[in-house]
>>> print(open('entry.cif').read())   # mmCIF, C-alpha atoms
data_final
#
loop_
_atom_site.group_PDB
_atom_site.id
_atom_site.type_symbol
_atom_site.label_atom_id
_atom_site.label_comp_id
_atom_site.auth_asym_id
_atom_site.auth_seq_id
_atom_site.Cartn_x
_atom_site.Cartn_y
_atom_site.Cartn_z
ATOM 1 C CA GLN A 1041 13.848 13.364 5.654
ATOM 2 C CA LYS A 1042 11.073 11.028 4.589
ATOM 3 C CA GLU A 1043 9.699 8.636 7.184
ATOM 4 C CA VAL A 1044 10.416 5.610 4.993
ATOM 5 C CA GLU A 1045 13.131 5.860 2.357
ATOM 6 C CA GLN A 1046 13.926 3.594 -0.541
ATOM 7 C CA ASN A 1047 16.191 3.972 -3.543
ATOM 8 C CA SER A 1048 13.844 4.421 -6.507
ATOM 9 C CA GLY A 1049 16.091 2.446 -8.858
ATOM 10 C CA PRO A 1050 15.812 0.905 -11.314
ATOM 11 C CA LEU A 1051 17.863 -1.898 -9.849
ATOM 12 C CA SER A 1052 18.905 -4.216 -12.662
ATOM 13 C CA VAL A 1053 20.112 -7.755 -11.945
ATOM 14 C CA PRO A 1054 20.703 -10.701 -14.262
ATOM 15 C CA GLU A 1055 18.426 -13.709 -14.101
ATOM 16 C CA GLY A 1056 19.509 -16.112 -11.365
ATOM 17 C CA ALA A 1057 21.296 -13.457 -9.310
ATOM 18 C CA ILE A 1058 20.417 -12.171 -5.843
ATOM 19 C CA ALA A 1059 18.513 -8.889 -5.748
ATOM 20 C CA SER A 1060 18.978 -6.819 -2.603
ATOM 21 C CA LEU A 1061 16.435 -4.117 -1.783
ATOM 22 C CA ASN A 1062 16.881 -1.735 1.129
ATOM 23 C CA CYS A 1063 14.629 0.475 3.191
ATOM 24 C CA THR A 1064 15.344 2.839 6.095
ATOM 25 C CA TYR A 1065 12.816 4.338 8.464
ATOM 26 C CA SER A 1066 12.887 7.257 10.867
ATOM 27 C CA ASP A 1067 10.452 6.251 13.626
ATOM 28 C CA ARG A 1068 12.505 4.284 16.147
ATOM 29 C CA GLY A 1069 9.319 2.983 17.768
ATOM 30 C CA SER A 1070 8.079 1.290 14.591
ATOM 31 C CA GLN A 1071 6.672 -2.140 15.257
ATOM 32 C CA SER A 1072 5.882 -3.955 12.033
ATOM 33 C CA PHE A 1073 7.555 -4.022 8.650
ATOM 34 C CA PHE A 1074 6.194 -5.212 5.335
ATOM 35 C CA TRP A 1075 7.384 -5.762 1.793
ATOM 36 C CA TYR A 1076 4.885 -5.482 -1.036
ATOM 37 C CA ARG A 1077 5.342 -6.171 -4.743
ATOM 38 C CA GLN A 1078 3.455 -4.039 -7.234
ATOM 39 C CA TYR A 1079 3.300 -4.800 -10.928
ATOM 40 C CA SER A 1080 2.622 -1.888 -13.257
ATOM 41 C CA GLY A 1081 -1.064 -0.958 -13.196
ATOM 42 C CA LYS A 1082 -1.861 -3.436 -10.421
ATOM 43 C CA SER A 1083 -2.393 -3.102 -6.680
ATOM 44 C CA PRO A 1084 0.297 -3.991 -4.131
ATOM 45 C CA GLU A 1085 0.468 -7.581 -2.912
ATOM 46 C CA LEU A 1086 2.185 -8.671 0.287
ATOM 47 C CA ILE A 1087 5.409 -10.642 -0.043
ATOM 48 C CA MET A 1088 6.642 -10.747 3.538
ATOM 49 C CA PHE A 1089 6.297 -9.188 6.936
ATOM 50 C CA ILE A 1090 8.769 -9.098 9.799
ATOM 51 C CA TYR A 1091 8.386 -7.954 13.377
ATOM 52 C CA SER A 1092 11.607 -9.039 15.132
ATOM 53 C CA ASN A 1093 15.272 -8.339 14.576
ATOM 54 C CA GLY A 1094 17.040 -10.834 12.372
ATOM 55 C CA ASP A 1095 16.189 -12.756 9.241
ATOM 56 C CA LYS A 1096 12.966 -14.296 8.070
ATOM 57 C CA GLU A 1097 12.946 -16.608 5.079
ATOM 58 C CA ASP A 1098 10.080 -17.630 2.811
ATOM 59 C CA GLY A 1099 11.052 -19.535 -0.295
ATOM 60 C CA ARG A 1100 13.286 -17.348 -2.450
ATOM 61 C CA PHE A 1101 12.640 -14.296 -0.275
ATOM 62 C CA THR A 1102 14.458 -13.250 2.900
ATOM 63 C CA ALA A 1103 13.544 -10.210 4.947
ATOM 64 C CA GLN A 1104 16.136 -8.752 7.286
ATOM 65 C CA LEU A 1105 15.392 -6.319 10.100
ATOM 66 C CA ASN A 1106 17.863 -4.288 12.139
ATOM 67 C CA LYS A 1107 15.988 -2.031 14.549
ATOM 68 C CA ALA A 1108 19.148 -0.486 16.018
ATOM 69 C CA SER A 1109 20.172 0.769 12.576
ATOM 70 C CA GLN A 1110 16.564 1.346 11.502
ATOM 71 C CA TYR A 1111 16.686 -0.548 8.270
ATOM 72 C CA VAL A 1112 14.871 -3.436 6.716
ATOM 73 C CA SER A 1113 15.919 -5.252 3.579
ATOM 74 C CA LEU A 1114 14.552 -7.813 1.164
ATOM 75 C CA LEU A 1115 16.720 -10.364 -0.617
ATOM 76 C CA ILE A 1116 15.405 -12.211 -3.643
ATOM 77 C CA ARG A 1117 17.451 -15.281 -4.511
ATOM 78 C CA ASP A 1118 17.514 -16.826 -7.995
ATOM 79 C CA SER A 1119 15.829 -13.738 -9.447
ATOM 80 C CA GLN A 1120 13.421 -14.379 -12.311
ATOM 81 C CA PRO A 1121 12.139 -12.003 -15.020
ATOM 82 C CA SER A 1122 8.708 -12.381 -13.383
ATOM 83 C CA ASP A 1123 10.155 -10.693 -10.273
ATOM 84 C CA SER A 1124 10.469 -7.459 -12.265
ATOM 85 C CA ALA A 1125 8.187 -5.045 -10.432
ATOM 86 C CA THR A 1126 8.234 -2.196 -7.939
ATOM 87 C CA TYR A 1127 8.873 -3.271 -4.347
ATOM 88 C CA LEU A 1128 7.299 -1.178 -1.621
ATOM 89 C CA CYS A 1129 8.525 -1.082 1.955
ATOM 90 C CA ALA A 1130 5.825 -0.296 4.537
ATOM 91 C CA VAL A 1131 6.224 0.456 8.220
ATOM 92 C CA LYS A 1132 3.597 0.449 10.957
ATOM 93 C CA GLY A 1133 4.423 3.319 13.272
ATOM 94 C CA THR A 1134 4.431 3.567 17.024
ATOM 95 C CA SER A 1135 1.367 2.525 18.971
ATOM 96 C CA GLY A 1136 -1.381 5.108 18.924
ATOM 97 C CA THR A 1137 -1.496 5.310 15.168
ATOM 98 C CA TYR A 1138 -3.028 2.872 12.740
ATOM 99 C CA LYS A 1139 -1.319 4.382 9.735
ATOM 100 C CA TYR A 1140 1.133 2.445 7.630
ATOM 101 C CA ILE A 1141 3.864 4.512 6.035
ATOM 102 C CA PHE A 1142 4.893 3.402 2.553
ATOM 103 C CA GLY A 1143 8.178 4.137 0.850
ATOM 104 C CA THR A 1144 8.238 5.348 -2.732
ATOM 105 C CA GLY A 1145 9.296 1.897 -3.925
ATOM 106 C CA THR A 1146 12.300 0.429 -5.722
ATOM 107 C CA ARG A 1147 11.842 -0.645 -9.310
ATOM 108 C CA LEU A 1148 13.523 -3.995 -9.950
ATOM 109 C CA LYS A 1149 14.404 -5.236 -13.433
ATOM 110 C CA VAL A 1150 15.549 -8.826 -13.827
ATOM 111 C CA LEU A 1151 17.312 -9.265 -17.142
ATOM 112 C CA ALA A 1152 16.843 -12.557 -18.991
ATOM 113 C CA GLU B 311 -7.179 -15.241 0.448
ATOM 114 C CA ALA B 312 -7.956 -11.570 0.762
ATOM 115 C CA ASP B 313 -11.474 -10.638 -0.230
ATOM 116 C CA ILE B 314 -11.625 -6.937 -0.855
ATOM 117 C CA TYR B 315 -13.571 -5.540 -3.752
ATOM 118 C CA GLN B 316 -13.679 -2.220 -5.503
ATOM 119 C CA THR B 317 -16.176 -0.950 -8.034
ATOM 120 C CA PRO B 318 -16.079 0.360 -10.615
ATOM 121 C CA ARG B 319 -12.672 -0.811 -11.851
ATOM 122 C CA TYR B 320 -12.552 1.950 -14.456
ATOM 123 C CA LEU B 321 -14.502 5.209 -14.596
ATOM 124 C CA VAL B 322 -14.398 8.035 -17.117
ATOM 125 C CA ILE B 323 -16.523 10.985 -16.130
ATOM 126 C CA GLY B 324 -16.995 14.651 -16.915
ATOM 127 C CA THR B 325 -15.959 17.583 -14.769
ATOM 128 C CA GLY B 326 -18.415 18.564 -12.048
ATOM 129 C CA LYS B 327 -20.056 15.174 -11.651
ATOM 130 C CA LYS B 328 -20.528 13.565 -8.248
ATOM 131 C CA ILE B 329 -19.008 10.106 -7.973
ATOM 132 C CA THR B 330 -18.790 7.394 -5.348
ATOM 133 C CA LEU B 331 -16.104 4.740 -5.409
ATOM 134 C CA GLU B 332 -17.154 1.578 -3.615
ATOM 135 C CA CYS B 333 -14.985 -0.629 -1.417
ATOM 136 C CA SER B 334 -16.125 -3.734 0.431
ATOM 137 C CA GLN B 335 -14.294 -6.428 2.368
ATOM 138 C CA THR B 336 -15.603 -9.722 3.678
ATOM 139 C CA MET B 337 -12.832 -10.412 6.194
ATOM 140 C CA GLY B 338 -14.390 -8.519 9.099
ATOM 141 C CA HIS B 339 -11.393 -6.190 9.322
ATOM 142 C CA ASP B 340 -11.881 -3.209 11.583
ATOM 143 C CA LYS B 341 -9.492 -0.868 9.761
ATOM 144 C CA MET B 342 -9.905 0.369 6.217
ATOM 145 C CA TYR B 343 -7.917 2.819 4.107
ATOM 146 C CA TRP B 344 -8.081 4.788 0.864
ATOM 147 C CA TYR B 345 -4.910 5.574 -1.059
ATOM 148 C CA GLN B 346 -4.349 7.615 -4.197
ATOM 149 C CA GLN B 347 -1.572 6.603 -6.564
ATOM 150 C CA ASP B 348 -0.532 8.180 -9.863
ATOM 151 C CA PRO B 349 1.271 5.913 -12.386
ATOM 152 C CA GLY B 350 4.817 5.142 -11.246
ATOM 153 C CA MET B 351 4.422 7.269 -8.155
ATOM 154 C CA GLU B 352 4.096 6.597 -4.451
ATOM 155 C CA LEU B 353 0.961 5.743 -2.484
ATOM 156 C CA HIS B 354 -0.695 8.649 -0.702
ATOM 157 C CA LEU B 355 -3.068 7.979 2.201
ATOM 158 C CA ILE B 356 -6.197 10.109 1.820
ATOM 159 C CA HIS B 357 -8.607 8.598 4.375
ATOM 160 C CA TYR B 358 -8.704 5.841 6.947
ATOM 161 C CA SER B 359 -11.114 4.341 9.426
ATOM 162 C CA TYR B 360 -10.582 2.552 12.739
ATOM 163 C CA GLY B 361 -14.065 1.100 12.770
ATOM 164 C CA VAL B 362 -17.729 1.877 12.318
ATOM 165 C CA ASN B 363 -18.485 5.611 12.559
ATOM 166 C CA SER B 364 -14.771 6.430 12.815
ATOM 167 C CA THR B 365 -12.997 8.182 9.943
ATOM 168 C CA GLU B 366 -9.840 10.284 9.715
ATOM 169 C CA LYS B 367 -8.164 12.305 6.993
ATOM 170 C CA GLY B 368 -4.829 11.012 5.774
ATOM 171 C CA ASP B 369 -1.655 12.788 4.821
ATOM 172 C CA LEU B 370 -2.716 13.960 1.381
ATOM 173 C CA SER B 371 -5.195 16.807 1.260
ATOM 174 C CA SER B 372 -8.229 15.530 -0.558
ATOM 175 C CA GLU B 373 -11.558 16.979 -1.598
ATOM 176 C CA SER B 374 -13.173 13.595 -1.122
ATOM 177 C CA THR B 375 -15.219 12.356 1.828
ATOM 178 C CA VAL B 376 -15.740 8.892 3.269
ATOM 179 C CA SER B 377 -18.202 7.136 5.524
ATOM 180 C CA ARG B 378 -18.112 3.930 7.572
ATOM 181 C CA ILE B 379 -21.631 2.908 8.489
ATOM 182 C CA ARG B 380 -20.960 -0.813 8.223
ATOM 183 C CA THR B 381 -17.766 -2.705 9.028
ATOM 184 C CA GLU B 382 -17.461 -4.161 5.549
ATOM 185 C CA HIS B 383 -18.155 -1.032 3.521
ATOM 186 C CA PHE B 384 -16.016 2.118 3.090
ATOM 187 C CA PRO B 385 -17.175 4.257 0.147
ATOM 188 C CA LEU B 386 -15.316 7.346 -1.048
ATOM 189 C CA THR B 387 -17.250 10.262 -2.568
ATOM 190 C CA LEU B 388 -16.150 13.154 -4.739
ATOM 191 C CA GLU B 389 -18.871 15.832 -4.759
ATOM 192 C CA SER B 390 -17.566 17.565 -7.890
ATOM 193 C CA ALA B 391 -14.967 15.739 -9.958
ATOM 194 C CA ARG B 392 -12.128 17.707 -11.556
ATOM 195 C CA PRO B 393 -9.358 16.675 -13.971
ATOM 196 C CA SER B 394 -6.874 16.919 -11.058
ATOM 197 C CA HIS B 395 -8.712 13.967 -9.476
ATOM 198 C CA THR B 396 -7.603 11.697 -12.310
ATOM 199 C CA SER B 397 -5.651 8.906 -10.629
ATOM 200 C CA GLN B 398 -5.814 5.338 -9.342
ATOM 201 C CA TYR B 399 -7.651 4.888 -6.052
ATOM 202 C CA LEU B 400 -6.749 1.886 -3.918
ATOM 203 C CA CYS B 401 -8.729 0.592 -0.959
ATOM 204 C CA ALA B 402 -7.099 -1.548 1.728
ATOM 205 C CA SER B 403 -8.057 -3.190 5.011
ATOM 206 C CA ASN B 404 -6.392 -4.918 7.933
ATOM 207 C CA GLU B 405 -6.837 -6.144 11.478
ATOM 208 C CA GLY B 406 -4.627 -5.163 14.390
ATOM 209 C CA LEU B 407 -0.942 -4.922 13.491
ATOM 210 C CA ALA B 408 -1.235 -7.291 10.553
ATOM 211 C CA GLU B 409 -0.551 -6.518 6.929
ATOM 212 C CA GLN B 410 -2.894 -4.500 4.771
ATOM 213 C CA PHE B 411 -4.760 -6.243 1.969
ATOM 214 C CA PHE B 412 -5.415 -4.181 -1.125
ATOM 215 C CA GLY B 413 -8.346 -4.184 -3.491
ATOM 216 C CA PRO B 414 -7.823 -4.188 -7.267
ATOM 217 C CA GLY B 415 -8.191 -0.405 -7.513
ATOM 218 C CA THR B 416 -10.368 2.043 -9.420
ATOM 219 C CA ARG B 417 -8.779 3.951 -12.257
ATOM 220 C CA LEU B 418 -10.552 7.306 -12.486
ATOM 221 C CA THR B 419 -10.311 9.675 -15.433
ATOM 222 C CA VAL B 420 -12.020 13.065 -15.229
ATOM 223 C CA LEU B 421 -12.372 14.863 -18.546
#
>>> encode(input="entry.cif", output="structure tokens")
Amino acid sequence: QKEVEQNSGPLSVPEGAIASLNCTYSDRGSQSFFWYRQYSGKSPELIMFIYSNGDKEDGRFTAQLNKASQYVSLLIRDSQPSDSATYLCAVKGTSGTYKYIFGTGTRLKVLA
Amino acid sequence: EADIYQTPRYLVIGTGKKITLECSQTMGHDKMYWYQQDPGMELHLIHYSYGVNSTEKGDLSSESTVSRIRTEHFPLTLESARPSHTSQYLCASNEGLAEQFFGPGTRLTVL
């Protein structure tokens, strides 16, 4: 089992719809959770981070964290073609390590 | 805004050459990282550093070496480049538990 798992996709949604991206992690002591967007040929850029259970909203993006079930999700409302990219989930492990574990990413396609 | 720089952005080089990929950040971050990523594939951590004079190997076996003599600078060196080293190399930095900021990457092609 990988430490951070994501469905590779592609996830296709029509323009204006809600895109839901999921990520599960294996280290129960994980402390910090991040969503990055990566366009083809570019470097990852941070969209959101979340540290506490519950929802965190920023514009069209909502991150959801459930530590008991060990999953974190990203919702994109009113999806736009410009949201088409690969979305990487990253998890900061238990204290004592400075490594961030990245998932393989979910490729999102927003259809105009 | 994140200020992390990588040079060169693109490099095409012959087999056996020694190369150094540069990474600098102006944010004063104590932690820096090197990742390798093939097109459409996942990020692989190859080296990281907690601070000056502190470096560790990552999860992906790599023939490269790194050094951290100054906080802002974290160069990666390949003593003898091979075609299998062809990839994109991404540098990142962060402070504490905060998010990592990524540089623009170096796309390396070894002929």
>>> residues_around(input="entry.cif", residues="Ser359 in chain B", least_positions_apart="2", cutoff="6 Å", atoms="only C-alpha atoms", output="PDB file with C-alpha atoms, keeping the file's coordinate frame")
ATOM      1  CA  LYS B 341      -9.492  -0.868   9.761  1.00  0.00           C
ATOM      2  CA  MET B 342      -9.905   0.369   6.217  1.00  0.00           C
ATOM      3  CA  GLY B 361     -14.065   1.100  12.770  1.00  0.00           C
ATOM      4  CA  SER B 364     -14.771   6.430  12.815  1.00  0.00           C
ATOM      5  CA  THR B 365     -12.997   8.182   9.943  1.00  0.00           C
TER       6      THR B 365
END
>>> interface_residues(input="entry.cif", of="chain B", to="chain A", cutoff="9 Å", atoms="only C-alpha atoms", output="ChimeraX atom specification")
/B:341,343,349-355,358-360,368,398,400,406-415
>>> atom_distance(input="entry.cif", atom1="CA of Pro1121 in chain A", atom2="CA of Lys1149 in chain A")
7.3 Å
>>> residues_around(input="entry.cif", residues="Asn1106 in chain A", least_positions_apart="5", cutoff="7 Å", atoms="all atoms listed in the file", output="list in words")
Asn1093, Gly1094, Tyr1111 and Val1112 of chain A
>>> atom_distance(input="entry.cif", atom1="CA of Gly338 in chain B", atom2="CA of Phe384 in chain B")
12.3 Å
>>> resolve_selection(input="entry.cif", expression="the PyMOL selection byres ((chain A and resi 1068) around 9)", output="number ranges by chain")
A: 1065-1067, 1069-1071, 1107-1108, 1110, 1133-1134
>>> closest_residue(input="entry.cif", among="B:Ile356, B:Val420, B:Ala402, B:Cys333", to="Arg378 in chain B", atoms="all atoms listed in the file")
B:Cys333
>>> resolve_selection(input="entry.cif", expression="the PyMOL selection byres ((chain B and resi 326) around 7)", output="ChimeraX atom specification")
/B:324-325,327-328,390-392
>>> closest_residue(input="entry.cif", among="A:Leu1114, A:Ala1125, A:Ile1090, A:Val1044", to="Ile1058 in chain A", atoms="all atoms listed in the file")
A:Leu1114
>>> atom_distance(input="entry.cif", atom1="CA of Leu1051 in chain A", atom2="CA of Ile1087 in chain A")
18.1 Å
>>> resolve_selection(input="entry.cif", expression="the PyMOL selection byres ((chain B and resi 382) around 8)", output="CSV table (one decimal) with C-alpha atoms, in the coordinates of the input")
chain,number,residue,atom,x,y,z
B,334,SER,CA,-16.1,-3.7,0.4
B,335,GLN,CA,-14.3,-6.4,2.4
B,336,THR,CA,-15.6,-9.7,3.7
B,337,MET,CA,-12.8,-10.4,6.2
B,338,GLY,CA,-14.4,-8.5,9.1
B,339,HIS,CA,-11.4,-6.2,9.3
B,380,ARG,CA,-21.0,-0.8,8.2
B,381,THR,CA,-17.8,-2.7,9.0
B,383,HIS,CA,-18.2,-1.0,3.5
B,384,PHE,CA,-16.0,2.1,3.1
>>> closest_residue(input="entry.cif", among="B:Thr416, B:Ser397, B:Ser403, B:Ser372", to="Leu321 in chain B", atoms="all atoms listed in the file")
B:Thr416
>>> residues_around(input="entry.cif", residues="Ala1059 in chain A", least_positions_apart="5", cutoff="10 Å", atoms="only C-alpha atoms", output="ChimeraX atom specification")
/A:1051-1054,1101,1114-1120,1123,1148-1150
>>> closest_residue(input="entry.cif", among="B:Val376, B:Leu331, B:Cys401, B:Leu418", to="Asp313 in chain B", atoms="only C-alpha atoms")
B:Cys401
>>> build_atoms(input="entry.cif", residues="range 347-358 of chain B", atoms="all heavy atoms", output="mmCIF file, keeping the file's coordinate frame")
data_model
loop_
_atom_site.group_PDB
_atom_site.id
_atom_site.type_symbol
_atom_site.label_atom_id
_atom_site.label_comp_id
_atom_site.auth_asym_id
_atom_site.auth_seq_id
_atom_site.Cartn_x
_atom_site.Cartn_y
_atom_site.Cartn_z
ATOM 1 N N GLN B 347 -2.877 6.883 -5.978
ATOM 2 C CA GLN B 347 -1.572 6.603 -6.564
ATOM 3 C C GLN B 347 -1.587 6.955 -8.040
ATOM 4 O O GLN B 347 -2.363 6.380 -8.810
ATOM 5 C CB GLN B 347 -1.184 5.135 -6.383
ATOM 6 C CG GLN B 347 0.227 4.819 -6.845
ATOM 7 C CD GLN B 347 0.602 3.361 -6.693
ATOM 8 O OE1 GLN B 347 -0.235 2.481 -6.882
ATOM 9 N NE2 GLN B 347 1.861 3.086 -6.345
ATOM 10 N N ASP B 348 -0.722 7.874 -8.451
ATOM 11 C CA ASP B 348 -0.532 8.180 -9.863
ATOM 12 C C ASP B 348 0.445 7.164 -10.447
ATOM 13 O O ASP B 348 1.259 6.585 -9.717
ATOM 14 C CB ASP B 348 -0.005 9.596 -10.035
ATOM 15 C CG ASP B 348 -1.043 10.628 -9.626
ATOM 16 O OD1 ASP B 348 -2.242 10.383 -9.854
ATOM 17 O OD2 ASP B 348 -0.659 11.674 -9.074
ATOM 18 N N PRO B 349 0.409 6.934 -11.781
ATOM 19 C CA PRO B 349 1.271 5.913 -12.386
ATOM 20 C C PRO B 349 2.744 6.128 -12.067
ATOM 21 O O PRO B 349 3.267 7.227 -12.239
ATOM 22 C CB PRO B 349 0.994 6.084 -13.894
ATOM 23 C CG PRO B 349 -0.382 6.650 -13.952
ATOM 24 C CD PRO B 349 -0.504 7.549 -12.757
ATOM 25 N N GLY B 350 3.395 5.082 -11.556
ATOM 26 C CA GLY B 350 4.817 5.142 -11.246
ATOM 27 C C GLY B 350 5.170 5.967 -10.028
ATOM 28 O O GLY B 350 6.349 6.197 -9.762
ATOM 29 N N MET B 351 4.162 6.396 -9.305
ATOM 30 C CA MET B 351 4.422 7.269 -8.155
ATOM 31 C C MET B 351 4.049 6.551 -6.851
ATOM 32 O O MET B 351 3.554 5.439 -6.851
ATOM 33 C CB MET B 351 3.622 8.574 -8.296
ATOM 34 C CG MET B 351 3.888 9.327 -9.578
ATOM 35 S SD MET B 351 5.598 9.864 -9.729
ATOM 36 C CE MET B 351 5.609 11.237 -8.585
ATOM 37 N N GLU B 352 4.321 7.245 -5.734
ATOM 38 C CA GLU B 352 4.096 6.597 -4.451
ATOM 39 C C GLU B 352 2.621 6.605 -4.050
ATOM 40 O O GLU B 352 1.812 7.342 -4.610
ATOM 41 C CB GLU B 352 4.917 7.312 -3.376
ATOM 42 C CG GLU B 352 4.544 8.770 -3.189
ATOM 43 C CD GLU B 352 5.573 9.499 -2.343
ATOM 44 O OE1 GLU B 352 5.631 9.242 -1.133
ATOM 45 O OE2 GLU B 352 6.305 10.333 -2.902
ATOM 46 N N LEU B 353 2.300 5.781 -3.070
ATOM 47 C CA LEU B 353 0.961 5.743 -2.484
ATOM 48 C C LEU B 353 0.789 6.937 -1.548
ATOM 49 O O LEU B 353 1.671 7.243 -0.753
ATOM 50 C CB LEU B 353 0.793 4.473 -1.658
ATOM 51 C CG LEU B 353 0.676 3.144 -2.384
ATOM 52 C CD1 LEU B 353 0.889 2.006 -1.420
ATOM 53 C CD2 LEU B 353 -0.690 3.024 -3.041
ATOM 54 N N HIS B 354 -0.366 7.564 -1.632
ATOM 55 C CA HIS B 354 -0.695 8.649 -0.702
ATOM 56 C C HIS B 354 -1.964 8.280 0.050
ATOM 57 O O HIS B 354 -3.002 8.028 -0.568
ATOM 58 C CB HIS B 354 -0.901 9.966 -1.457
ATOM 59 C CG HIS B 354 0.342 10.521 -2.050
ATOM 60 N ND1 HIS B 354 1.342 11.106 -1.302
ATOM 61 C CD2 HIS B 354 0.773 10.573 -3.337
ATOM 62 C CE1 HIS B 354 2.308 11.509 -2.088
ATOM 63 N NE2 HIS B 354 1.996 11.194 -3.335
ATOM 64 N N LEU B 355 -1.900 8.282 1.377
ATOM 65 C CA LEU B 355 -3.068 7.979 2.201
ATOM 66 C C LEU B 355 -3.994 9.184 2.215
ATOM 67 O O LEU B 355 -3.581 10.296 2.567
ATOM 68 C CB LEU B 355 -2.621 7.645 3.622
ATOM 69 C CG LEU B 355 -3.716 7.314 4.621
ATOM 70 C CD1 LEU B 355 -4.408 6.004 4.253
ATOM 71 C CD2 LEU B 355 -3.149 7.228 6.029
ATOM 72 N N ILE B 356 -5.250 8.992 1.837
ATOM 73 C CA ILE B 356 -6.197 10.109 1.820
ATOM 74 C C ILE B 356 -7.251 9.999 2.913
ATOM 75 O O ILE B 356 -7.719 11.018 3.433
ATOM 76 C CB ILE B 356 -6.842 10.302 0.432
ATOM 77 C CG1 ILE B 356 -7.388 9.002 -0.142
ATOM 78 C CG2 ILE B 356 -5.846 10.908 -0.532
ATOM 79 C CD1 ILE B 356 -8.114 9.183 -1.481
ATOM 80 N N HIS B 357 -7.650 8.777 3.283
ATOM 81 C CA HIS B 357 -8.607 8.598 4.375
ATOM 82 C C HIS B 357 -8.358 7.248 5.028
ATOM 83 O O HIS B 357 -7.897 6.314 4.378
ATOM 84 C CB HIS B 357 -10.060 8.609 3.873
ATOM 85 C CG HIS B 357 -10.513 9.911 3.308
ATOM 86 N ND1 HIS B 357 -10.851 11.000 4.091
ATOM 87 C CD2 HIS B 357 -10.685 10.294 2.017
ATOM 88 C CE1 HIS B 357 -11.217 11.996 3.307
ATOM 89 N NE2 HIS B 357 -11.116 11.603 2.053
ATOM 90 N N TYR B 358 -8.708 7.146 6.317
ATOM 91 C CA TYR B 358 -8.704 5.841 6.947
ATOM 92 C C TYR B 358 -9.764 5.785 8.040
ATOM 93 O O TYR B 358 -10.308 6.827 8.446
ATOM 94 C CB TYR B 358 -7.326 5.464 7.492
ATOM 95 C CG TYR B 358 -6.732 6.386 8.519
ATOM 96 C CD1 TYR B 358 -6.686 6.031 9.862
ATOM 97 C CD2 TYR B 358 -6.145 7.595 8.140
ATOM 98 C CE1 TYR B 358 -6.099 6.861 10.799
ATOM 99 C CE2 TYR B 358 -5.556 8.434 9.074
ATOM 100 C CZ TYR B 358 -5.525 8.060 10.397
ATOM 101 O OH TYR B 358 -4.942 8.888 11.326
#
